[in-house]
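Structure file model.txt (compact mmCIF, C-alpha atoms) is printed below.
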# COMPACT_ATOMS: atom_id res chain seq x y z
CA MET A 1 -75.74 -158.62 -1.98
CA ILE A 2 -78.47 -156.85 -4.02
CA ALA A 3 -78.22 -153.78 -1.76
CA GLN A 4 -74.44 -153.74 -2.17
CA VAL A 5 -74.72 -153.83 -5.97
CA VAL A 6 -77.38 -151.11 -6.06
CA LEU A 7 -75.41 -148.88 -3.68
CA SER A 8 -72.23 -149.47 -5.68
CA LEU A 9 -73.94 -148.50 -8.93
CA LEU A 10 -75.23 -145.32 -7.32
CA LEU A 11 -71.80 -144.48 -5.96
CA ILE A 12 -70.20 -145.08 -9.35
CA ALA A 13 -72.80 -142.74 -10.87
CA VAL A 14 -71.89 -140.12 -8.25
CA ALA A 15 -68.19 -140.50 -9.06
CA ILE A 16 -68.83 -140.12 -12.82
CA TYR A 17 -71.01 -137.05 -12.17
CA ALA A 18 -68.31 -135.55 -9.95
CA GLY A 19 -65.70 -136.27 -12.61
CA ASN A 20 -67.74 -134.34 -15.16
CA GLU A 21 -68.08 -131.42 -12.75
CA ARG A 22 -64.39 -131.19 -11.88
CA ARG A 23 -63.64 -128.35 -14.30
CA ARG A 24 -66.40 -126.08 -13.00
CA SER A 25 -66.06 -126.76 -9.30
CA PRO A 26 -62.94 -128.79 -8.48
CA VAL A 27 -63.43 -128.65 -4.71
CA VAL A 28 -66.94 -130.06 -4.85
CA ALA A 29 -65.85 -132.70 -7.37
CA ALA A 30 -62.94 -133.81 -5.19
CA LEU A 31 -65.15 -134.07 -2.10
CA SER A 32 -67.77 -136.06 -3.99
CA ILE A 33 -65.23 -138.49 -5.42
CA ILE A 34 -63.58 -139.04 -2.02
CA ALA A 35 -66.95 -139.66 -0.38
CA ALA A 36 -68.04 -141.99 -3.20
CA MET A 37 -64.82 -144.00 -3.03
CA ALA A 38 -65.09 -144.30 0.75
CA GLY A 39 -68.69 -145.42 0.41
CA PHE A 40 -67.78 -147.94 -2.27
CA TYR A 41 -64.98 -149.41 -0.17
CA PHE A 42 -67.08 -149.71 2.97
CA THR A 43 -69.98 -151.21 1.04
CA TRP A 44 -67.79 -154.14 -0.06
CA VAL A 45 -65.63 -154.41 3.07
CA PRO A 46 -68.23 -153.97 5.79
CA ASP A 47 -65.88 -155.26 8.51
CA HIS A 48 -63.64 -152.25 7.97
CA ALA A 49 -66.69 -150.01 7.99
CA THR A 50 -67.64 -151.40 11.39
CA ARG A 51 -64.12 -150.94 12.70
CA VAL A 52 -63.86 -147.35 11.45
CA ALA A 53 -67.40 -146.67 12.68
CA SER A 54 -66.54 -147.75 16.19
CA LEU A 55 -63.36 -145.63 16.01
CA VAL A 56 -65.27 -142.48 15.14
CA GLY A 57 -68.12 -143.27 17.50
CA VAL A 58 -70.85 -144.01 14.96
CA GLY A 59 -71.62 -147.55 16.14
CA ARG A 60 -72.44 -149.84 13.24
CA GLY A 61 -70.66 -149.93 9.88
CA VAL A 62 -73.93 -149.66 7.99
CA ASP A 63 -74.64 -146.41 9.81
CA LEU A 64 -71.27 -145.06 8.66
CA VAL A 65 -72.11 -145.90 5.03
CA LEU A 66 -75.46 -144.20 5.52
CA TYR A 67 -73.78 -141.07 6.87
CA ILE A 68 -71.39 -141.03 3.94
CA TRP A 69 -74.40 -141.24 1.64
CA VAL A 70 -75.98 -138.26 3.41
CA CYS A 71 -72.71 -136.34 2.98
CA ILE A 72 -72.70 -137.10 -0.73
CA ASN A 73 -76.26 -135.81 -1.02
CA LEU A 74 -75.31 -132.60 0.75
CA ILE A 75 -72.33 -132.12 -1.54
CA VAL A 76 -74.50 -132.70 -4.61
CA LEU A 77 -76.94 -130.15 -3.19
CA LEU A 78 -74.10 -127.67 -2.81
CA ASN A 79 -73.10 -128.37 -6.38
CA LEU A 80 -76.63 -127.64 -7.56
CA HIS A 81 -76.50 -124.36 -5.66
CA LEU A 82 -73.25 -123.46 -7.38
CA LYS A 83 -74.76 -124.37 -10.74
CA LEU A 84 -77.65 -122.03 -10.03
CA ARG A 85 -75.16 -119.28 -9.23
CA THR A 86 -73.40 -119.88 -12.53
CA GLN A 87 -76.74 -119.66 -14.31
CA MET A 88 -77.43 -116.40 -12.47
CA GLU A 89 -74.12 -114.99 -13.68
CA LEU A 90 -75.09 -115.80 -17.26
CA ILE A 91 -78.50 -114.20 -16.76
CA THR A 92 -76.76 -111.13 -15.34
CA ILE A 93 -74.53 -110.81 -18.39
CA LEU A 94 -77.56 -111.17 -20.65
CA ALA A 95 -79.69 -108.67 -18.69
CA ARG A 96 -76.82 -106.17 -18.63
CA ALA A 97 -76.27 -106.49 -22.38
CA THR A 98 -80.01 -106.04 -22.97
CA ALA A 99 -80.19 -102.96 -20.75
CA LEU A 100 -77.17 -101.33 -22.41
CA ALA A 101 -78.36 -102.20 -25.92
CA ASP A 102 -81.75 -100.72 -25.08
CA LEU A 103 -80.13 -97.48 -23.93
CA ARG A 104 -77.95 -97.31 -27.06
CA SER A 105 -80.89 -97.90 -29.39
CA ARG A 106 -82.88 -95.14 -27.66
CA SER A 107 -79.87 -92.82 -27.98
CA MET A 108 -79.69 -93.52 -31.72
CA GLU A 109 -83.41 -93.08 -32.25
CA LYS A 110 -83.48 -89.63 -30.72
CA PRO A 111 -81.49 -86.83 -32.35
CA GLU A 112 -79.45 -84.74 -29.92
CA SER A 113 -81.76 -81.74 -30.16
CA SER A 114 -84.83 -83.71 -29.21
CA ARG A 115 -83.45 -84.94 -25.94
CA VAL A 116 -85.53 -83.25 -23.29
CA LEU A 117 -86.49 -83.70 -19.71
CA ASP A 118 -89.30 -86.15 -20.16
CA PRO A 119 -90.50 -88.13 -17.16
CA ALA A 120 -93.04 -89.99 -19.26
CA ALA A 121 -90.37 -91.22 -21.66
CA ALA A 122 -88.23 -92.15 -18.71
CA ALA A 123 -91.06 -94.22 -17.32
CA GLN A 124 -91.17 -96.21 -20.53
CA GLY A 125 -87.62 -97.38 -20.23
CA GLY A 126 -85.22 -94.96 -18.77
CA GLY A 127 -84.79 -91.24 -19.03
CA GLU A 128 -82.21 -89.59 -21.13
CA ARG A 129 -80.98 -86.09 -20.88
CA LEU A 130 -77.98 -84.25 -22.08
CA ARG A 131 -76.84 -81.14 -20.34
CA MET B 132 -58.46 -77.97 -13.46
CA GLU B 133 -60.99 -79.28 -11.01
CA ARG B 134 -63.84 -77.91 -13.08
CA ASN B 135 -62.55 -79.82 -16.10
CA LEU B 136 -62.28 -83.00 -14.12
CA SER B 137 -65.85 -82.63 -12.82
CA SER B 138 -67.19 -83.04 -16.32
CA GLN B 139 -65.31 -86.30 -16.65
CA VAL B 140 -66.60 -87.69 -13.37
CA TRP B 141 -69.47 -90.10 -13.77
CA VAL B 142 -71.51 -90.91 -10.70
CA VAL B 143 -73.15 -94.33 -10.77
CA ILE B 144 -76.25 -94.73 -8.63
CA ALA B 145 -77.77 -98.19 -8.33
CA ALA B 146 -81.42 -97.85 -7.42
CA TYR B 147 -84.06 -100.37 -6.47
CA ASN B 148 -87.47 -99.09 -5.44
CA GLU B 149 -86.12 -95.65 -4.51
CA ALA B 150 -88.78 -93.54 -6.23
CA SER B 151 -89.42 -91.44 -3.13
CA VAL B 152 -85.83 -90.22 -2.72
CA ILE B 153 -84.02 -90.69 -6.03
CA HIS B 154 -84.88 -87.29 -7.52
CA ARG B 155 -83.42 -85.40 -4.57
CA VAL B 156 -80.28 -87.56 -4.61
CA ILE B 157 -79.73 -87.02 -8.35
CA SER B 158 -80.36 -83.29 -8.09
CA ASP B 159 -77.79 -82.93 -5.30
CA VAL B 160 -75.17 -84.69 -7.42
CA ALA B 161 -76.02 -83.21 -10.81
CA CYS B 162 -75.98 -79.61 -9.60
CA ARG B 163 -72.27 -80.03 -8.88
CA GLY B 164 -71.54 -80.69 -12.52
CA TYR B 165 -71.11 -84.44 -12.43
CA SER B 166 -72.65 -86.76 -14.98
CA VAL B 167 -75.13 -89.10 -13.35
CA ILE B 168 -75.98 -92.64 -14.41
CA VAL B 169 -78.87 -94.27 -12.60
CA VAL B 170 -79.18 -98.01 -12.95
CA ASP B 171 -82.75 -98.93 -12.14
CA ASP B 172 -82.40 -102.50 -10.96
CA GLY B 173 -85.79 -103.83 -11.99
CA SER B 174 -87.74 -101.65 -9.57
CA SER B 175 -91.43 -102.35 -9.14
CA ASP B 176 -92.17 -98.70 -8.37
CA HIS B 177 -91.59 -95.70 -10.66
CA THR B 178 -87.89 -95.22 -9.84
CA ALA B 179 -86.93 -94.92 -13.52
CA ALA B 180 -89.48 -92.17 -14.08
CA ALA B 181 -88.42 -90.35 -10.93
CA ALA B 182 -84.80 -90.46 -12.12
CA PHE B 183 -85.50 -88.31 -15.18
CA ALA B 184 -82.97 -85.72 -14.01
CA ALA B 185 -80.12 -88.19 -14.50
CA ASP B 186 -77.97 -88.01 -17.63
CA ARG B 187 -78.64 -91.64 -18.31
CA VAL B 188 -81.07 -94.15 -16.83
CA ILE B 189 -80.24 -97.76 -17.55
CA CYS B 190 -83.03 -100.18 -16.75
CA HIS B 191 -82.29 -103.75 -15.82
CA PRO B 192 -85.16 -105.91 -17.08
CA ILE B 193 -85.12 -107.86 -13.82
CA ASN B 194 -83.82 -107.28 -10.31
CA LEU B 195 -80.23 -108.51 -10.16
CA GLY B 196 -78.79 -106.79 -7.10
CA GLN B 197 -76.72 -103.75 -6.25
CA GLY B 198 -73.42 -105.31 -7.28
CA ALA B 199 -74.75 -106.15 -10.74
CA ALA B 200 -76.26 -102.68 -11.11
CA LEU B 201 -73.00 -100.98 -10.19
CA GLN B 202 -71.08 -103.10 -12.68
CA THR B 203 -73.56 -102.17 -15.41
CA GLY B 204 -73.17 -98.49 -14.59
CA MET B 205 -69.38 -98.76 -14.48
CA ASP B 206 -69.30 -100.57 -17.83
CA TYR B 207 -71.36 -97.81 -19.39
CA ALA B 208 -69.33 -95.02 -17.81
CA LEU B 209 -66.10 -96.56 -19.09
CA GLU B 210 -67.67 -96.85 -22.53
CA GLN B 211 -68.44 -93.12 -22.38
CA GLY B 212 -64.82 -92.31 -21.60
CA ALA B 213 -65.20 -91.47 -17.92
CA LYS B 214 -61.94 -90.50 -16.23
CA VAL B 215 -63.31 -90.99 -12.73
CA ILE B 216 -66.23 -93.16 -11.66
CA VAL B 217 -67.97 -92.65 -8.33
CA THR B 218 -70.39 -95.11 -6.77
CA PHE B 219 -73.09 -93.43 -4.74
CA ASP B 220 -76.01 -94.87 -2.76
CA ALA B 221 -79.55 -94.09 -3.88
CA ASP B 222 -81.12 -93.91 -0.45
CA GLY B 223 -79.86 -90.42 0.34
CA GLN B 224 -77.38 -91.34 3.05
CA HIS B 225 -74.34 -90.02 1.15
CA ARG B 226 -73.51 -86.35 0.75
CA ALA B 227 -72.81 -85.12 -2.76
CA ALA B 228 -70.27 -82.67 -1.32
CA ASP B 229 -68.05 -85.62 -0.40
CA ILE B 230 -67.57 -86.55 -4.07
CA ALA B 231 -65.20 -83.63 -4.57
CA ARG B 232 -63.14 -84.79 -1.57
CA LEU B 233 -62.84 -88.26 -3.04
CA VAL B 234 -61.85 -86.96 -6.48
CA ARG B 235 -59.33 -84.58 -4.93
CA ALA B 236 -57.88 -87.44 -2.90
CA LEU B 237 -57.37 -89.45 -6.09
CA GLU B 238 -55.45 -86.56 -7.61
CA ILE B 239 -53.37 -85.69 -4.58
CA ALA B 240 -52.46 -89.26 -3.64
CA GLN B 241 -52.14 -90.33 -7.29
CA ALA B 242 -54.29 -93.28 -6.32
CA ASP B 243 -56.69 -95.36 -8.37
CA PHE B 244 -59.24 -95.82 -5.61
CA ALA B 245 -60.55 -93.40 -3.01
CA LEU B 246 -62.70 -95.21 -0.49
CA GLY B 247 -65.09 -93.34 1.76
CA SER B 248 -64.86 -94.02 5.48
CA ARG B 249 -67.52 -92.98 7.95
CA PHE B 250 -65.22 -93.81 10.86
CA LEU B 251 -62.46 -91.36 9.93
CA GLY B 252 -64.77 -88.39 10.30
CA GLY B 253 -66.60 -87.27 13.40
CA PRO B 254 -68.63 -89.48 15.72
CA ILE B 255 -71.51 -91.26 14.03
CA ASP B 256 -74.98 -91.72 15.35
CA LEU B 257 -75.65 -95.35 14.61
CA PRO B 258 -77.45 -98.10 16.54
CA ARG B 259 -74.94 -100.11 18.54
CA SER B 260 -75.85 -103.42 16.86
CA ARG B 261 -75.22 -101.90 13.41
CA LEU B 262 -71.96 -100.40 14.60
CA TRP B 263 -70.67 -103.76 15.83
CA LEU B 264 -71.76 -105.41 12.61
CA LEU B 265 -69.76 -102.89 10.59
CA LYS B 266 -66.73 -103.32 12.86
CA ALA B 267 -66.92 -107.10 12.46
CA ALA B 268 -67.18 -106.74 8.69
CA THR B 269 -64.15 -104.44 8.71
CA LEU B 270 -62.11 -106.93 10.71
CA PHE B 271 -63.15 -109.78 8.41
CA THR B 272 -62.15 -107.81 5.31
CA GLN B 273 -58.84 -106.76 6.84
CA LEU B 274 -58.04 -110.41 7.54
CA SER B 275 -59.24 -111.74 4.19
CA THR B 276 -57.76 -109.06 1.91
CA GLY B 277 -54.89 -107.60 3.89
CA LEU B 278 -56.15 -104.06 3.22
CA ARG B 279 -55.80 -101.70 6.16
CA LEU B 280 -59.18 -100.00 6.06
CA SER B 281 -61.39 -98.47 8.71
CA ASP B 282 -64.70 -98.90 6.86
CA THR B 283 -65.20 -101.72 4.44
CA HIS B 284 -68.89 -101.46 3.59
CA ASN B 285 -69.17 -97.87 2.51
CA GLY B 286 -70.88 -97.46 -0.85
CA LEU B 287 -69.28 -94.08 -1.51
CA ARG B 288 -66.08 -94.62 -3.44
CA ALA B 289 -64.27 -93.12 -6.41
CA MET B 290 -62.00 -94.83 -8.88
CA THR B 291 -60.01 -93.87 -11.92
CA CYS B 292 -60.81 -95.49 -15.25
CA ARG B 293 -57.78 -97.72 -14.71
CA GLY B 294 -59.11 -98.73 -11.31
CA ALA B 295 -62.61 -99.37 -12.66
CA GLY B 296 -61.11 -101.50 -15.40
CA ALA B 297 -59.55 -103.73 -12.75
CA ILE B 298 -62.92 -104.36 -11.12
CA ARG B 299 -65.21 -107.08 -12.44
CA LEU B 300 -68.03 -107.71 -9.98
CA ARG B 301 -69.50 -111.18 -10.00
CA GLN B 302 -71.23 -110.87 -6.67
CA ASN B 303 -74.59 -109.48 -7.69
CA ARG B 304 -75.86 -108.72 -4.23
CA MET B 305 -74.43 -107.16 -1.12
CA ALA B 306 -71.23 -109.21 -1.09
CA HIS B 307 -69.98 -106.97 -3.91
CA ALA B 308 -68.60 -104.52 -1.31
CA SER B 309 -66.19 -107.17 -0.08
CA GLU B 310 -65.50 -108.34 -3.61
CA ILE B 311 -64.44 -104.85 -4.70
CA LEU B 312 -61.94 -104.67 -1.84
CA SER B 313 -60.67 -108.13 -2.65
CA GLN B 314 -60.13 -107.11 -6.28
CA ILE B 315 -58.44 -103.87 -5.21
CA ALA B 316 -56.04 -105.93 -3.13
CA THR B 317 -55.41 -108.34 -6.02
CA SER B 318 -54.88 -105.51 -8.53
CA GLY B 319 -52.10 -104.01 -6.45
CA LEU B 320 -53.32 -100.52 -7.39
CA LYS B 321 -52.99 -97.68 -4.93
CA TYR B 322 -55.93 -96.81 -2.72
CA VAL B 323 -56.61 -94.13 -0.17
CA GLU B 324 -59.28 -93.70 2.49
CA VAL B 325 -61.18 -90.46 2.73
CA PRO B 326 -63.40 -89.33 5.62
CA VAL B 327 -67.01 -88.95 4.51
CA ASN B 328 -70.25 -88.23 6.29
CA ILE B 329 -73.17 -90.57 6.30
CA GLU B 330 -76.59 -89.14 7.05
CA TYR B 331 -78.62 -91.81 8.75
CA ASN B 332 -82.36 -91.52 8.75
CA ILE B 333 -85.22 -93.91 9.25
CA TYR B 334 -85.42 -94.60 5.52
CA SER B 335 -81.73 -95.46 5.05
CA LEU B 336 -81.53 -97.45 8.29
CA ALA B 337 -84.51 -99.52 7.20
CA LYS B 338 -82.69 -100.31 3.95
CA GLY B 339 -79.40 -101.13 5.68
CA GLN B 340 -77.95 -104.53 6.35
CA ARG B 341 -78.69 -106.74 9.31
CA LEU B 342 -77.01 -109.72 10.91
CA GLY B 343 -78.89 -112.12 8.62
CA ASP B 344 -77.64 -110.21 5.58
CA ALA B 345 -74.10 -110.38 6.93
CA LEU B 346 -74.33 -114.16 7.16
CA MET B 347 -75.62 -114.33 3.59
CA ILE B 348 -72.69 -112.19 2.47
CA LEU B 349 -70.27 -114.60 4.14
CA LEU B 350 -72.00 -117.55 2.45
CA ASP B 351 -71.88 -115.78 -0.92
CA LEU B 352 -68.18 -115.08 -0.54
CA PHE B 353 -67.52 -118.68 0.50
CA ALA B 354 -69.59 -120.14 -2.34
CA ARG B 355 -67.82 -117.93 -4.88
CA ARG B 356 -64.53 -119.58 -3.99
CA LEU B 357 -65.84 -123.04 -4.79
CA TYR B 358 -66.33 -122.62 -8.52
CA ARG B 359 -64.78 -120.95 -11.52

Written as C-alpha cells, how would this file's structure read?
Amino acid sequence: MIAQVVLSLLLIAVAIYAGNERRRSPVVAALSIIAAMAGFYFTWVPDHATRVASLVGVGRGVDLVLYIWVCINLIVLLNLHLKLRTQMELITILARATALADLRSRSMEKPESSRVLDPAAAAQGGGERLR
Amino acid sequence: MERNLSSQVWVVIAAYNEASVIHRVISDVACRGYSVIVVDDGSSDHTAAAAFAADRVICHPINLGQGAALQTGMDYALEQGAKVIVTFDADGQHRAADIARLVRALEIAQADFALGSRFLGGPIDLPRSRLWLLKAATLFTQLSTGLRLSDTHNGLRAMTCRGAGAIRLRQNRMAHASEILSQIATSGLKYVEVPVNIEYNIYSLAKGQRLGDALMILLDLFARRLYR
C-alpha cells in the first residue's frame, strides 16, 4: 500500500510536469501523460497489469509498471535534451546579437578613411576593410 | 549588368579553425568583385586575423556551428542591402568561378535559390563511402521535402534577398543543410540546380562529414520536430 501511494504521487508529479511542458513540446507532454496515466492505473489495478503483462510477454504486472516507469524516465530525459536545445537557441540569438553589435560599434568608431588592411586589428575582434 | 550585380553579391563564409586556408579562399572570391563576409565561429586559432582581406569579419564569441554562422552572415548581408547572398565553404573545396554561374542562373531562371550540385557536373573523385553517404542524404531529403535535387549537402548556394529572407536557420550545426532545403520547400519559392565543381583534397576530406555525423544530423532533425 505504501509503495502504491508513493508511486502514485510520483506519477501525479510527472503528469503535472508534463502538463506544464505541453506548450513547448506537445509530443513529449502527451507521451508523458499517457505513460503516467497507464502507470497510475496499473499501480491500483494490479490484476489488469498482470493480464496486460502476460499479453505483451512481460511476465509479471509489477514488471510492466517498472517498464512504464523506465519509459517515463526516458521521456523526461528527452524533454531535458529538448530544453537544452531551446537554451542553445537563446544563446545563439544572444551571441549573434553580440557579434553584430560588436561589428557595428567598431564600424562607428573608425572613420571611413581610417579603414585599412590591418591584420592586428582583425586579430583583436574581426577585420574590417572597405574596397 | 553583371558587373553591377557583382557589387551587390555578398559571399558569406562560415569559418571555424580555418586559419591555414581562409586567406586564399577569401582572395579568390574578393578578386572577382564580390563583397565577402567571414563569420569566425569562435575559432581557437587565428582565423579572424587571417581573414583580414574580407570586407567584414564577424566574430562569434563562442563556437555555435556552421548553421548559426551562416545565419549571422546572412542577417548582416541583408542589413547591408545585399541583392544576392552566396554561401561558400571556408575549407577551399569550392571554386570562386562557380559563383558567377549561380548568380547567372538566378537571373536566367528568375529563381530565388540557385543550389550547387557536384553530381550534375563531371565525374567526381570521392571515396566510395562518402559518395554513398551523400546519395543516401539526397534520397532522404527528396523524401522529406519533396524537392527534386541531385545534391542536397552542397554548401555552395546563392539566394536572392527575398529567398534569404525566407530562411531562418535554427539548426546550428550540420543539419542546417537539410533545414535550408526544408524551408525552401515550405516557402514555395523557385529554385534551380547548377552544376559546380568541388575540389577535394586531404584537408577538405578530413573536415567532411562521416556516418556518425549523418546520424547526428538525423537526430537533430527529429528532435527539432518535437518542440516549438

**Message:** Quick check: residues of chain B within 9 Å of chain A, all atoms listed in the file, returned as a PyMOL selection string.
**Reply:** chain B and resi 166+169-171+177-193+195+199-200+202-203+207+301-303+354-355+357-359

**Asked** Quick one: residues within 8 Å of B:Ala213, only C-alpha atoms counted, chain neighbours fewer than 2 positions away excluded, as a PyMOL selection string?
**Response** chain B and resi 139-141+208-211+215-216+292

**Given all atoms listed in the file as the counted atoms, nearest of B:Asn285, B:Ser151, B:Ser174, B:Ser309 to B:Gln224** = B:Asn285

**Request:** Report the distance between atom CA of B:Leu246 and atom CA of B:Leu349 in Å, rounded to one decimal place.
**Result:** 21.3 Å

**Asked** What gap, in Å, lies between atom CA of B:Lys321 and atom CA of B:Phe219?
**Response** 20.5 Å

Skip stretch 45-55 of chain A itself and residues of its chain fewer than 4 positions away, then list as a PDB file with C-alpha atoms, in the coordinates of the input all residues within 12 Å of it, counting all atoms listed in the file.
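Wrote it out as around_5.pdb, contents follow:
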ATOM      1  CA  MET A   1     -75.740-158.620  -1.980  1.00  0.00           C
ATOM      2  CA  GLN A   4     -74.440-153.740  -2.170  1.00  0.00           C
ATOM      3  CA  ALA A  38     -65.090-144.300   0.750  1.00  0.00           C
ATOM      4  CA  GLY A  39     -68.690-145.420   0.410  1.00  0.00           C
ATOM      5  CA  PHE A  40     -67.780-147.940  -2.270  1.00  0.00           C
ATOM      6  CA  TYR A  41     -64.980-149.410  -0.170  1.00  0.00           C
ATOM      7  CA  GLY A  59     -71.620-147.550  16.140  1.00  0.00           C
ATOM      8  CA  ARG A  60     -72.440-149.840  13.240  1.00  0.00           C
ATOM      9  CA  GLY A  61     -70.660-149.930   9.880  1.00  0.00           C
ATOM     10  CA  VAL A  62     -73.930-149.660   7.990  1.00  0.00           C
ATOM     11  CA  ASP A  63     -74.640-146.410   9.810  1.00  0.00           C
ATOM     12  CA  LEU A  64     -71.270-145.060   8.660  1.00  0.00           C
ATOM     13  CA  VAL A  65     -72.110-145.900   5.030  1.00  0.00           C
ATOM     14  CA  LEU A  66     -75.460-144.200   5.520  1.00  0.00           C
ATOM     15  CA  TYR A  67     -73.780-141.070   6.870  1.00  0.00           C
ATOM     16  CA  ILE A  68     -71.390-141.030   3.940  1.00  0.00           C
TER      17      ILE A  68
END

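Separating atom CA of B:Tyr334 from atom CA of B:Asp222 is a distance of 7.4 Å.
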
**Residues near B:Val325, cut-off 12 Å, only C-alpha atoms, skip fewer than 2 positions along chain, as an NGL selection string** = :B and (229-237 or 239-240 or 242 or 244-252 or 280-282 or 285 or 287-289 or 322-323 or 327-328)

**Item:** Answer as a PyMOL selection string, residues within 9 Å of (-78.0, -83.5, -2.3) using all atoms listed in the file
**Value:** chain B and resi 155-162+223+225-228

With all atoms of stretch 7-23 of chain A from the file as input, state the centre and edge lengths in Å to one decimal of the axis-aligned box that has 6 Å extra on each side, as AutoDock Vina command-line options.
--center_x -69.5 --center_y -138.9 --center_z -9.4 --size_x 23.8 --size_y 33.1 --size_z 23.5
